[in-house]
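Heads up, the thing below is written out as structure tokens.
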Amino acid sequence: MRILGIDPGSLVTGYGVIEKEGQNLRHVLHGEVKPPKGSLLSVVLISLYRQLSELIDKTTPDAIAVENIFYGKNVRSLIKQAQVRGVVIFAGANLGIPVFEYSPLEVKQAVVGYGRAEKRQVQIMVKAILKLSSLPPADAADALAVAVCHANYQKEQPI
């Protein structure tokens, strides 16, 4: 099973693709989508949709796992993050790929074993679990962690 994990953000959206074969997880690729600084939100969303659609076409995932919104942020950030999440969900659904969501707590629990882990701990554990040669960037590590979480839990119902 090939899983595309997404960590949605209005400034940086991380992505990571893994393969699950039996109990083994294999890293395929990871990266970050960064819109040009100062872009209008509409430009950011269109750019993100196009880049995600290309990534989905290129990697052909069987499932997309997206991190749910973290509720402690300010309202403006939450609204932007929700709009980015909507684009991620639409990009997957539009191409017929089931999209699953996981809370930050679930993701950290699945990867680190502790739901309140710091970003650096997530990066270190993702590197170890996927046998990467170096630490991935923070947002890409979060996206890979979401993919690992889905590989471990595989919720039944997509959103």
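FYI, nothing fancy with the structure tokens labels: chains A, B, ... in order, residues from 1 per chain, ligands from 1 as they appear.
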
Please provide as a list in words all residues within 12 Å of A:Ser42, with the sequence filter that same-chain residues fewer than 2 positions apart are discarded (counting only C-alpha atoms).
-> Ser10, Pro35, Gly38, Ser39, Leu40, Val44, Leu45, Ile46, Ser47, Leu48, Tyr49, Lys80, Gln83, Val84 and Val87 of chain A

Quick one: everything within 10 Å of A:Gly113, counting only C-alpha atoms, minus sequence neighbours fewer than 6 positions away in the same chain. Send it as a VMD selection string.
-> chain A and resid 105 to 107 122 125

Enumerate the residues of stretch 72-151 of chain A with a DSSP assignment of strand (DSSP E or B), computed from the backbone, and present them as a ChimeraX atom specification.
-> /A:99-102

Residues within 10 Å of stretch 130-146 of chain A, only C-alpha atoms, excluding chain neighbours under 2 positions, as an NGL selection string | :A and (3-9 or 12-18 or 24-33 or 64-68 or 100-104 or 106-112 or 119-120 or 122-128 or 148-152)

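Using only C-alpha atoms, the smallest distance between any of A:Leu55, A:Leu78, A:Leu11, A:Pro98 and A:Lys155 comes from A:Pro98.
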
As a PyMOL selection string, list the residues of stretch 37-113 of chain A assigned to alpha helix (DSSP H) by DSSP on the backbone atoms of this structure.
-> chain A and resi 41-59+75-94+104-111

How far is it from atom CA of A:Gly92 to atom CA of A:Thr59, in Å with one decimal?
->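 Atom CA of A:Thr59 lies 12.2 Å from atom CA of A:Gly92.
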
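Going from atom CA of A:Arg50 to atom CA of A:Gln154 covers 26.7 Å.
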